[in-house]
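This is protein_23.txt. It holds compact mmCIF, C-alpha atoms and all ligand atoms.
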# COMPACT_ATOMS: atom_id res chain seq x y z
CA MET L 950 164.44 75.74 148.14
CA ASP L 951 166.96 74.00 150.36
CA ILE L 952 165.30 70.78 151.48
CA ASP L 953 168.02 69.91 154.00
CA GLU L 954 167.60 73.26 155.68
CA LEU L 955 163.82 72.92 155.72
CA ALA L 956 164.13 69.44 157.24
CA GLY L 957 166.44 70.81 159.92
CA ARG L 958 164.06 73.60 160.81
CA ILE L 959 161.15 71.17 161.02
CA ARG L 960 163.18 68.95 163.36
CA ASN L 961 163.76 72.05 165.48
CA GLY L 962 160.00 72.38 165.72
CA GLU L 963 159.72 75.66 163.79
CA ARG L 964 156.07 76.16 162.99
CA ARG L 965 156.68 78.30 159.92
CA ALA L 966 158.87 75.59 158.44
CA LEU L 967 156.17 73.04 159.20
CA ALA L 968 153.51 75.19 157.54
CA ARG L 969 155.75 75.61 154.52
CA ALA L 970 156.35 71.88 154.26
CA ILE L 971 152.60 71.21 154.46
CA THR L 972 152.05 73.62 151.59
CA LEU L 973 154.54 71.55 149.58
CA VAL L 974 152.78 68.33 150.52
CA GLU L 975 149.41 69.73 149.52
CA SER L 976 150.58 71.10 146.21
CA THR L 977 149.70 69.25 143.03
CA ARG L 978 152.67 70.68 141.12
CA GLU L 979 155.13 68.02 139.96
CA ASP L 980 158.20 69.86 141.27
CA HIS L 981 156.53 70.42 144.67
CA ARG L 982 155.59 66.74 144.82
CA ALA L 983 159.21 65.79 144.20
CA LEU L 984 160.38 68.17 146.95
CA ALA L 985 157.76 66.80 149.33
CA VAL L 986 158.96 63.25 148.67
CA ALA L 987 162.60 64.29 149.19
CA LEU L 988 161.62 66.00 152.43
CA GLY L 989 159.77 62.90 153.59
CA GLU L 990 162.93 60.86 152.99
CA ARG L 991 165.08 63.34 154.97
CA LEU L 992 162.67 63.22 157.88
CA ALA L 993 161.97 59.48 157.97
CA GLY L 994 162.23 58.26 161.53
CA ALA L 995 162.80 61.78 162.88
CA GLY L 996 161.21 62.90 166.08
CA MET L 997 159.32 60.81 168.54
CA GLN L 998 156.28 58.76 167.80
CA ALA L 999 153.28 60.92 168.49
CA LEU L 1000 150.00 59.59 169.76
CA ARG L 1001 147.72 59.76 166.74
CA LEU L 1002 144.15 60.33 167.79
CA GLY L 1003 141.30 60.07 165.30
CA LEU L 1004 138.16 61.98 166.26
CA SER L 1005 134.82 61.81 164.54
CA GLY L 1006 131.35 63.17 165.13
CA THR L 1007 128.47 64.70 163.22
CA PRO L 1008 128.28 68.49 162.79
CA GLY L 1009 127.08 70.20 165.95
CA VAL L 1010 128.12 67.41 168.33
CA GLY L 1011 130.85 69.66 169.72
CA LYS L 1012 134.08 68.63 167.97
CA SER L 1013 135.55 72.14 167.84
CA THR L 1014 134.58 72.83 171.41
CA PHE L 1015 136.02 69.50 172.54
CA ILE L 1016 139.29 69.97 170.67
CA GLU L 1017 139.62 73.47 172.05
CA SER L 1018 139.24 72.43 175.69
CA PHE L 1019 140.95 69.03 175.37
CA GLY L 1020 143.81 70.61 173.43
CA MET L 1021 144.17 73.40 176.00
CA MET L 1022 144.32 70.78 178.74
CA LEU L 1023 147.12 68.94 176.90
CA VAL L 1024 149.20 72.04 176.17
CA GLY L 1025 148.64 72.95 179.83
CA GLN L 1026 150.48 69.73 180.67
CA GLY L 1027 153.38 70.83 178.50
CA LEU L 1028 152.45 68.67 175.52
CA LYS L 1029 152.62 69.83 171.91
CA VAL L 1030 149.38 69.30 170.03
CA ALA L 1031 148.69 69.31 166.29
CA VAL L 1032 145.14 69.32 164.96
CA LEU L 1033 144.43 68.26 161.38
CA ALA L 1034 141.03 68.21 159.77
CA VAL L 1035 139.71 65.84 157.14
CA ASP L 1036 136.55 67.18 155.66
CA PRO L 1037 134.97 64.90 153.07
CA SER L 1038 132.62 67.66 151.92
CA SER L 1039 135.61 69.70 150.80
CA ALA L 1040 136.61 66.82 148.55
CA ARG L 1041 133.33 67.30 146.73
CA SER L 1042 132.72 71.03 146.87
CA GLY L 1043 136.28 72.31 146.85
CA GLY L 1044 135.61 74.34 149.97
CA SER L 1045 136.17 73.38 153.57
CA ILE L 1046 133.50 73.61 156.24
CA LEU L 1047 136.01 72.80 158.93
CA GLY L 1048 138.30 75.57 157.76
CA ASP L 1049 135.73 78.29 157.24
CA LYS L 1050 134.63 79.35 160.65
CA THR L 1051 136.95 80.57 163.30
CA ARG L 1052 137.46 77.52 165.40
CA MET L 1053 139.48 76.74 168.48
CA GLU L 1054 140.45 80.35 168.95
CA GLU L 1055 142.37 79.97 172.16
CA LEU L 1056 144.17 76.79 171.10
CA SER L 1057 145.10 78.22 167.71
CA ARG L 1058 146.97 81.05 169.44
CA HIS L 1059 148.91 78.76 171.77
CA PRO L 1060 152.60 78.38 170.84
CA ASN L 1061 152.51 74.62 171.47
CA ALA L 1062 149.50 74.03 169.25
CA PHE L 1063 149.36 73.75 165.49
CA ILE L 1064 146.04 73.72 163.66
CA ARG L 1065 145.60 72.98 160.00
CA PRO L 1066 142.23 72.96 158.23
CA SER L 1067 141.19 70.38 155.67
CA PRO L 1068 142.79 70.67 152.25
CA SER L 1069 140.49 70.98 149.29
CA GLN L 1070 141.32 68.13 146.97
CA SER L 1071 139.17 66.45 144.44
CA GLN L 1072 139.51 62.92 145.81
CA LEU L 1073 139.37 61.41 149.25
CA GLY L 1074 142.40 59.36 148.22
CA GLY L 1075 144.37 62.56 147.71
CA VAL L 1076 143.22 63.92 151.06
CA ALA L 1077 144.29 60.67 152.72
CA ARG L 1078 147.77 60.81 151.25
CA ARG L 1079 148.22 64.45 152.20
CA THR L 1080 146.96 63.87 155.73
CA ARG L 1081 149.31 60.94 156.30
CA GLU L 1082 152.24 62.99 155.09
CA VAL L 1083 151.26 65.88 157.33
CA VAL L 1084 151.00 63.51 160.33
CA ALA L 1085 154.58 62.42 159.62
CA LEU L 1086 155.71 66.05 159.38
CA CYS L 1087 154.05 66.86 162.72
CA GLU L 1088 155.78 63.89 164.32
CA ALA L 1089 159.13 65.01 162.94
CA ALA L 1090 158.45 68.47 164.37
CA GLY L 1091 158.07 66.92 167.82
CA TYR L 1092 154.32 67.06 168.36
CA ASP L 1093 153.25 64.69 171.13
CA VAL L 1094 149.62 64.36 170.11
CA VAL L 1095 148.29 64.58 166.57
CA LEU L 1096 144.51 64.87 166.49
CA ILE L 1097 142.89 64.03 163.17
CA GLU L 1098 139.35 65.27 163.09
CA THR L 1099 136.64 64.32 160.65
CA VAL L 1100 132.94 64.89 160.15
CA GLY L 1101 130.97 61.70 160.60
CA VAL L 1102 129.87 61.08 157.06
CA GLY L 1103 130.95 58.82 154.25
CA GLN L 1104 134.19 56.91 154.18
CA SER L 1105 136.29 59.52 155.91
CA GLU L 1106 135.90 57.84 159.32
CA THR L 1107 137.38 54.57 158.15
CA MET L 1108 140.15 56.49 156.47
CA VAL L 1109 140.97 58.45 159.61
CA ALA L 1110 140.79 55.30 161.75
CA GLU L 1111 143.34 53.73 159.41
CA MET L 1112 145.86 56.43 160.29
CA SER L 1113 145.12 56.67 164.01
CA ASP L 1114 146.44 54.81 167.02
CA LEU L 1115 143.18 55.42 168.85
CA PHE L 1116 139.82 56.35 167.41
CA LEU L 1117 137.40 58.51 169.37
CA LEU L 1118 133.74 58.92 168.56
CA LEU L 1119 131.99 62.01 169.87
CA LEU L 1120 128.23 61.67 170.29
CA ALA L 1121 125.42 63.90 171.46
CA PRO L 1122 122.92 63.01 174.18
CA ALA L 1123 119.98 61.40 172.44
CA GLY L 1124 116.90 59.28 172.83
CA GLY L 1125 116.95 55.53 172.26
CA ASP L 1126 115.79 55.82 168.66
CA GLU L 1127 118.83 57.76 167.63
CA LEU L 1128 121.16 55.18 169.07
CA GLN L 1129 120.39 52.97 166.14
CA GLY L 1130 121.43 55.77 163.82
CA VAL L 1131 125.09 55.13 164.65
CA LYS L 1132 126.29 52.63 162.13
CA ARG L 1133 127.61 49.37 163.43
CA GLY L 1134 130.79 49.80 161.41
CA ILE L 1135 131.60 53.00 163.25
CA MET L 1136 130.91 51.43 166.63
CA GLU L 1137 133.35 48.70 165.65
CA ILE L 1138 136.22 51.06 164.93
CA ALA L 1139 135.66 53.27 167.99
CA ASP L 1140 138.03 52.78 170.92
CA LEU L 1141 136.35 55.34 173.12
CA ILE L 1142 132.86 56.77 172.77
CA LEU L 1143 132.50 60.20 174.34
CA VAL L 1144 128.96 61.38 174.96
CA ASN L 1145 129.41 65.15 174.98
CA LYS L 1146 127.26 67.92 176.50
CA ALA L 1147 126.88 66.08 179.82
CA ASP L 1148 126.08 69.32 181.60
CA GLY L 1149 123.04 71.32 182.73
CA GLU L 1150 119.69 70.02 181.57
CA LEU L 1151 121.30 67.58 179.16
CA LYS L 1152 123.23 65.74 181.85
CA PRO L 1153 120.62 63.04 182.68
CA VAL L 1154 120.03 62.35 178.97
CA ALA L 1155 123.78 62.16 178.39
CA THR L 1156 124.17 59.67 181.25
CA ARG L 1157 121.39 57.50 179.85
CA THR L 1158 122.79 57.74 176.33
CA CYS L 1159 126.18 56.69 177.66
CA ALA L 1160 124.67 53.64 179.37
CA ASP L 1161 122.90 52.71 176.13
CA TYR L 1162 126.13 52.86 174.18
CA SER L 1163 128.02 50.92 176.84
CA GLY L 1164 125.41 48.21 176.43
CA ALA L 1165 125.71 48.32 172.66
CA LEU L 1166 129.51 48.08 172.87
CA HIS L 1167 129.24 44.97 175.04
CA LEU L 1168 127.29 43.27 172.30
CA LEU L 1169 130.07 43.74 169.80
CA ARG L 1170 132.65 41.09 169.21
CA LYS L 1171 135.60 41.35 171.58
CA ARG L 1172 138.74 42.60 169.84
CA PRO L 1173 142.01 40.92 170.74
CA GLU L 1174 143.89 44.23 170.76
CA ASP L 1175 141.80 45.54 173.67
CA PRO L 1176 141.97 44.98 177.42
CA ALA L 1177 138.82 43.56 179.00
CA ASP L 1178 136.88 46.78 179.55
CA PHE L 1179 137.50 48.37 176.13
CA PRO L 1180 136.04 49.81 173.95
CA LYS L 1181 134.11 51.92 176.45
CA ALA L 1182 131.70 54.84 176.56
CA MET L 1183 131.89 57.78 178.93
CA THR L 1184 130.35 61.21 179.33
CA VAL L 1185 132.18 64.52 178.93
CA SER L 1186 131.34 68.20 178.82
CA ALA L 1187 133.56 70.04 176.38
CA VAL L 1188 132.12 73.36 177.56
CA GLU L 1189 132.70 72.78 181.26
CA GLY L 1190 135.77 70.59 180.85
CA ASP L 1191 134.22 67.74 182.82
CA GLY L 1192 135.55 64.28 182.11
CA LEU L 1193 138.41 65.43 179.90
CA GLU L 1194 141.13 64.36 182.34
CA ARG L 1195 139.45 61.00 182.73
CA ALA L 1196 139.10 60.58 178.98
CA TRP L 1197 142.82 61.35 178.55
CA ALA L 1198 143.65 58.82 181.26
CA GLU L 1199 141.56 56.16 179.47
CA MET L 1200 143.32 56.90 176.19
CA ASN L 1201 146.69 56.44 177.86
CA THR L 1202 145.59 53.25 179.59
CA LEU L 1203 144.55 51.76 176.29
CA ALA L 1204 147.64 53.04 174.46
CA ASP L 1205 149.97 51.66 177.14
CA TRP L 1206 148.22 48.30 177.18
CA ARG L 1207 148.52 47.98 173.41
CA ARG L 1208 152.19 48.95 173.54
CA GLU L 1209 152.91 46.36 176.21
CA HIS L 1210 151.10 43.62 174.35
CA GLY L 1211 152.57 44.28 170.92
CA PHE L 1212 149.33 45.50 169.36
CA TRP L 1213 150.59 49.04 168.97
CA GLU L 1214 153.39 48.16 166.57
CA ALA L 1215 151.21 45.56 164.88
CA ARG L 1216 148.53 48.15 164.21
CA ARG L 1217 151.00 50.63 162.75
CA ALA L 1218 152.57 47.91 160.64
CA ARG L 1219 149.17 46.87 159.31
CA GLN L 1220 148.34 50.50 158.56
CA ALA L 1221 151.63 51.04 156.72
CA ARG L 1222 150.85 48.04 154.61
CA HIS L 1223 147.30 49.25 153.98
CA TRP L 1224 148.56 52.63 152.76
CA PHE L 1225 151.18 51.02 150.56
CA GLU L 1226 148.47 49.00 148.84
CA GLU L 1227 146.26 52.06 148.66
CA GLU L 1228 149.05 53.98 146.92
CA VAL L 1229 149.44 51.17 144.40
CA ARG L 1230 145.69 51.28 143.78
CA LEU L 1231 145.79 55.06 143.33
CA GLY L 1232 148.77 54.75 141.01
CA LEU L 1233 146.98 52.19 138.86
CA LEU L 1234 143.90 54.35 138.80
CA ALA L 1235 145.97 57.35 137.73
CA ARG L 1236 147.45 55.26 134.95
CA LEU L 1237 143.94 54.30 133.89
CA THR L 1238 142.46 57.78 133.89
CA GLY L 1239 145.60 59.80 133.18
CA SER L 1240 146.17 58.60 129.63
CA PRO L 1241 143.74 59.51 126.84
CA GLU L 1242 144.59 56.24 125.11
CA MET L 1243 143.62 54.22 128.20
CA ARG L 1244 140.43 56.21 128.65
CA ARG L 1245 139.55 55.54 125.03
CA ARG L 1246 140.14 51.79 125.48
CA LEU L 1247 138.12 51.81 128.71
CA ASP L 1248 135.27 53.52 126.96
CA GLY L 1249 135.49 51.06 124.08
CA PHE L 1250 135.35 48.04 126.39
CA GLY L 1251 132.54 49.71 128.33
CA ARG L 1252 130.42 50.06 125.23
CA ARG L 1253 130.99 46.45 124.21
CA VAL L 1254 130.05 45.28 127.71
CA ALA L 1255 126.92 47.46 127.68
CA ALA L 1256 125.94 46.04 124.28
CA GLY L 1257 126.32 42.50 125.60
CA ASP L 1258 129.21 41.67 123.24
CA LEU L 1259 131.64 41.05 126.06
CA ALA L 1260 131.30 39.80 129.64
CA PRO L 1261 132.32 42.37 132.28
CA GLY L 1262 134.93 40.03 133.77
CA VAL L 1263 136.52 39.29 130.43
CA ALA L 1264 136.62 42.98 129.47
CA ALA L 1265 138.15 43.88 132.82
CA LYS L 1266 140.83 41.25 132.40
CA GLU L 1267 141.76 42.58 128.97
CA MET L 1268 141.79 46.14 130.24
CA LEU L 1269 144.07 45.19 133.12
CA HIS L 1270 146.33 43.39 130.69
CA LEU L 1271 146.60 46.60 128.66
CA LEU L 1272 147.45 48.58 131.78
CA GLY L 1273 150.17 46.08 132.68
CA ALA L 1274 151.55 46.25 129.14
CA GLY L 1275 151.51 50.04 129.38
CA SER L 1276 153.99 49.93 132.20
CA ALA L 1277 156.66 48.03 130.26
P1 LIG K 1 131.12 70.73 165.77
O1 LIG K 1 130.27 71.11 164.61
O2 LIG K 1 131.08 69.27 166.02
O3 LIG K 1 132.53 71.25 165.66
O4 LIG K 1 130.45 71.39 167.08
P2 LIG K 1 130.79 72.74 167.84
O5 LIG K 1 131.99 72.57 168.70
O6 LIG K 1 130.80 73.87 166.87
O7 LIG K 1 129.54 72.85 168.83
C1 LIG K 1 128.20 72.90 168.37
C2 LIG K 1 127.33 73.53 169.44
O8 LIG K 1 127.29 72.69 170.58
C3 LIG K 1 127.84 74.88 169.91
O9 LIG K 1 126.74 75.73 170.11
C4 LIG K 1 128.52 74.56 171.21
O10 LIG K 1 128.52 75.64 172.11
C5 LIG K 1 127.68 73.42 171.73
N1 LIG K 1 128.47 72.55 172.62
C6 LIG K 1 129.67 71.98 172.35
N2 LIG K 1 130.11 71.28 173.42
C7 LIG K 1 129.18 71.40 174.38
C8 LIG K 1 129.07 70.90 175.73
O11 LIG K 1 129.94 70.21 176.28
N3 LIG K 1 127.92 71.23 176.40
C9 LIG K 1 126.95 71.98 175.86
N4 LIG K 1 125.88 72.26 176.61
N5 LIG K 1 127.03 72.48 174.60
C10 LIG K 1 128.12 72.19 173.88

This entry written out as C-alpha cells:
Amino acid sequence: MDIDELAGRIRNGERRALARAITLVESTREDHRALAVALGERLAGAGMQALRLGLSGTPGVGKSTFIESFGMMLVGQGLKVAVLAVDPSSARSGGSILGDKTRMEELSRHPNAFIRPSPSQSQLGGVARRTREVVALCEAAGYDVVLIETVGVGQSETMVAEMSDLFLLLLAPAGGDELQGVKRGIMEIADLILVNKADGELKPVATRTCADYSGALHLLRKRPEDPADFPKAMTVSAVEGDGLERAWAEMNTLADWRREHGFWEARRARQARHWFEEEVRLGLLARLTGSPEMRRRLDGFGRRVAAGDLAPGVAAKEMLHLLGAGSA
C-alpha cells in the first residue's frame, strides 16, 4: 500500500480513502499499526481544525434521531459532518449496539456526511486511541464537524469529553426524581444540556425538566473557560427539528468565546498531554501483561502480598522496578 498516495486522497476528502485508513487504524496487526502511524505522520497538521462535538445520552433518549436531524441541518448549510460512535458495551461484548441497527438513514446517504460505528475492541483504552486517530483522519479529510457519540454509561463519557471541544448531554423529559439520577460528574463536563422530545404531550414536562437542570447547573462551580451564562440547558425536538438552529448557535457562541479567550487552544493542549500520558500508561500496562515472565512475577508478588509476607506498596515498587529494568 502506498501511504503517500493514501494520505493525498484523504486530503482530497475521498471517503473511500478515509474508510480504508480507518480500517488500518482499527486493525490490531503489527504491519497495519505501523502503516497507520506512518499515515498519521504524513497527515499531521493537514486540513482545518474541525469542531469536535462530544454527545452523550442514555439509550432511547434520541441520540440517533438528534444526530440525523442535526447532521442534516449542518450538511444543509454546506458543512461536512463526520459521526463516530464510542460504544462501551462493544468493548465488553465484542458487538456494537450503536452499529447494529440502521441509524441515521438519510444522513448516512448524504455525500457530505461520514458515519462510522463503534469498533469492537477489548479495552476502552484501545477504543479511545482508535477514536482519536479517526478524529484526526476526519479533520485531515476536511470535515468541519466531528460528532463523537457515546452511550451514557461507564467511563466512556469522560473519555469522549477528553477528546471533544464541546460536550453535549442529551436528556429526556423527566420528573424531579430522575434529575438526581444524572451524576454530578457528568453535569460538570457538560457544556450544553439538551432536553430532547420537547414536542406534543411531552413539551410541558420537557420545559420543566429544562428549568430543573438550569437550576442544577447554576449550583455548580463556575468554570473559568466559560462565559457567564454557560453551561446552559435548553429544550429541543429532534423529531420536529425545533431548537436545533438555536443549539448550533449556542455551540458556536461558546466555541468562539473560548477561542477568543485562549481556552480553546489550552483545552486542546491539555487534552494532547492527557492522551500522551494515557499512551504511556497503556504502554506500561502492555509491558506488564504482554510478557509471560512479567505476568509470572506479578502473580508471584500477588501471592506473597495475599499471604501477608509483603506489603502491597513494597511489592508494587519492586514490580515497577522490574518493569523499568525490562526496558533497558
Ligand atoms: P437513541 O437510543 O438515544 O439513539 O434514541 P433514538 O434516536 O433511537 O430514539 C429513541 C426513541 O425516541 C425513538 O422511538 C424516537 O422516535 C424517539 N424520539 C427521538 N427523538 C424524539 C423527539 O424529539 N421527540 C419525540 N417525541 N420522540 C423522539

Distance in Å - atom CA of Ala999 of chain L versus atom CA of Gly1091 of chain L: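 Between these atoms lies a distance of 7.7 Å.
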
Cut-off 9 Å around (139.1, 70.1, 173.8) with only C-alpha atoms: residues as a PyMOL selection string: chain L and resi 1012-1023+1053+1056+1187-1188+1190+1193

Close residues, Val1109 of chain L itself excluded, 9 Å, only C-alpha atoms, min 6 positions apart in chain, as a list in words: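 Near neighbours after the sequence-gap exclusion: Leu1002, Gly1003, Leu1004, Ser1005, Val1035, Ala1077, Thr1080, Ile1097, Glu1098, Thr1099 and Phe1116 of chain L.
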
Residues within 8 Å of Val1010 of chain L, only C-alpha atoms, excluding chain neighbours under 2 positions, as a ChimeraX atom specification: /L:1006-1008,1012,1119-1121,1145

Residue among L:Asp1148, L:Asp980, L:Glu954, L:Asp1114 lying closest to ligand LIG 1 (chain K), counting only C-alpha atoms and all ligand atoms: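 Comparing L:Asp1148, L:Asp980, L:Glu954, L:Asp1114 against ligand LIG 1 (chain K), the winner is L:Asp1148.
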
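If you measure from each of L:Leu1271, L:Leu988, L:Leu1151, L:Leu1166 to Thr1184 of chain L using only C-alpha atoms, the closest one turns out to be L:Leu1151.
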
Counting only C-alpha atoms and all ligand atoms, the option among L:Ala1235, L:Val1030, L:Ala1147, L:Ala970 closest to ligand LIG 1 (chain K):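 The answer is L:Ala1147, which sits nearest to ligand LIG 1 (chain K).
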
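The residue that comes closest to ligand LIG 1 (chain K), out of L:Gly1273, L:Gly1149, L:Pro1122, L:Gly1211 and on the basis of all atoms listed in the file, is L:Gly1149.
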
Between atom CA of Lys1266 of chain L and atom CA of Leu1233 of chain L - distance in Å to one decimal: 14.1 Å

Atom-to-atom span, atom CA of Gly1257 of chain L and atom CA of His1270 of chain L, Å: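 Rounded to one decimal, the two atoms are 20.7 Å apart.
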
Nearby residues (only C-alpha atoms) at most 12 Å from Thr977 of chain L, same-chain spacing under 3 positions excluded, as a list of chain:residue names: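 Contacts, in chain order: L:Ile971, L:Thr972, L:Leu973, L:Val974, L:Asp980, L:His981, L:Arg982, L:Ala983, L:Leu984, L:Ala985, L:Pro1068, L:Ser1069, L:Gln1070, L:Ser1071, L:Gly1075, L:Val1076, L:Arg1078, L:Arg1079.
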
File dump, residues just selected, C-alpha atoms, as a PDB file, in the coordinates of the input:
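File written: out.pdb
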ATOM      1  CA  ILE L 971     152.600  71.210 154.460  1.00  0.00           C
ATOM      2  CA  THR L 972     152.050  73.620 151.590  1.00  0.00           C
ATOM      3  CA  LEU L 973     154.540  71.550 149.580  1.00  0.00           C
ATOM      4  CA  VAL L 974     152.780  68.330 150.520  1.00  0.00           C
ATOM      5  CA  ASP L 980     158.200  69.860 141.270  1.00  0.00           C
ATOM      6  CA  HIS L 981     156.530  70.420 144.670  1.00  0.00           C
ATOM      7  CA  ARG L 982     155.590  66.740 144.820  1.00  0.00           C
ATOM      8  CA  ALA L 983     159.210  65.790 144.200  1.00  0.00           C
ATOM      9  CA  LEU L 984     160.380  68.170 146.950  1.00  0.00           C
ATOM     10  CA  ALA L 985     157.760  66.800 149.330  1.00  0.00           C
ATOM     11  CA  PRO L1068     142.790  70.670 152.250  1.00  0.00           C
ATOM     12  CA  SER L1069     140.490  70.980 149.290  1.00  0.00           C
ATOM     13  CA  GLN L1070     141.320  68.130 146.970  1.00  0.00           C
ATOM     14  CA  SER L1071     139.170  66.450 144.440  1.00  0.00           C
ATOM     15  CA  GLY L1075     144.370  62.560 147.710  1.00  0.00           C
ATOM     16  CA  VAL L1076     143.220  63.920 151.060  1.00  0.00           C
ATOM     17  CA  ARG L1078     147.770  60.810 151.250  1.00  0.00           C
ATOM     18  CA  ARG L1079     148.220  64.450 152.200  1.00  0.00           C
TER      19      ARG L1079
END

Counting all atoms listed in the file, the option among L:Arg1058, L:Arg1081, L:Arg1065, L:Arg1052 closest to ligand LIG 1 (chain K): L:Arg1052

Expected residue set, 12 Å radius at (161.2, 60.9, 151.7), only C-alpha atoms, as a list in words: Ile952, Asp953, Ala956, Val974, Arg982, Ala983, Leu984, Ala985, Val986, Ala987, Leu988, Gly989, Glu990, Arg991, Leu992, Ala993, Gly994, Ala995, Glu1082, Ala1085 and Leu1086 of chain L

Export of the given selection (C-alpha atoms) as a CSV table (one decimal), in the coordinates of the input:
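result.csv, written as the output of this step:
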chain,number,residue,atom,x,y,z
L,952,ILE,CA,165.3,70.8,151.5
L,953,ASP,CA,168.0,69.9,154.0
L,956,ALA,CA,164.1,69.4,157.2
L,974,VAL,CA,152.8,68.3,150.5
L,982,ARG,CA,155.6,66.7,144.8
L,983,ALA,CA,159.2,65.8,144.2
L,984,LEU,CA,160.4,68.2,147.0
L,985,ALA,CA,157.8,66.8,149.3
L,986,VAL,CA,159.0,63.2,148.7
L,987,ALA,CA,162.6,64.3,149.2
L,988,LEU,CA,161.6,66.0,152.4
L,989,GLY,CA,159.8,62.9,153.6
L,990,GLU,CA,162.9,60.9,153.0
L,991,ARG,CA,165.1,63.3,155.0
L,992,LEU,CA,162.7,63.2,157.9
L,993,ALA,CA,162.0,59.5,158.0
L,994,GLY,CA,162.2,58.3,161.5
L,995,ALA,CA,162.8,61.8,162.9
L,1082,GLU,CA,152.2,63.0,155.1
L,1085,ALA,CA,154.6,62.4,159.6
L,1086,LEU,CA,155.7,66.0,159.4

Using all atoms listed in the file: which of L:Val1032, L:Leu1259, L:Val1144, L:Ala1265 has the shortest distance to ligand LIG 1 (chain K): L:Val1144

Surrounding residues of Lys1029 of chain L excluding itself and chain neighbours under 4 positions, 7 Å, only C-alpha atoms, as a CSV table (one decimal) with C-alpha atoms, in the coordinates of the input:
chain,number,residue,atom,x,y,z
L,1024,VAL,CA,149.2,72.0,176.2
L,1061,ASN,CA,152.5,74.6,171.5
L,1062,ALA,CA,149.5,74.0,169.2
L,1092,TYR,CA,154.3,67.1,168.4
L,1093,ASP,CA,153.2,64.7,171.1
L,1094,VAL,CA,149.6,64.4,170.1
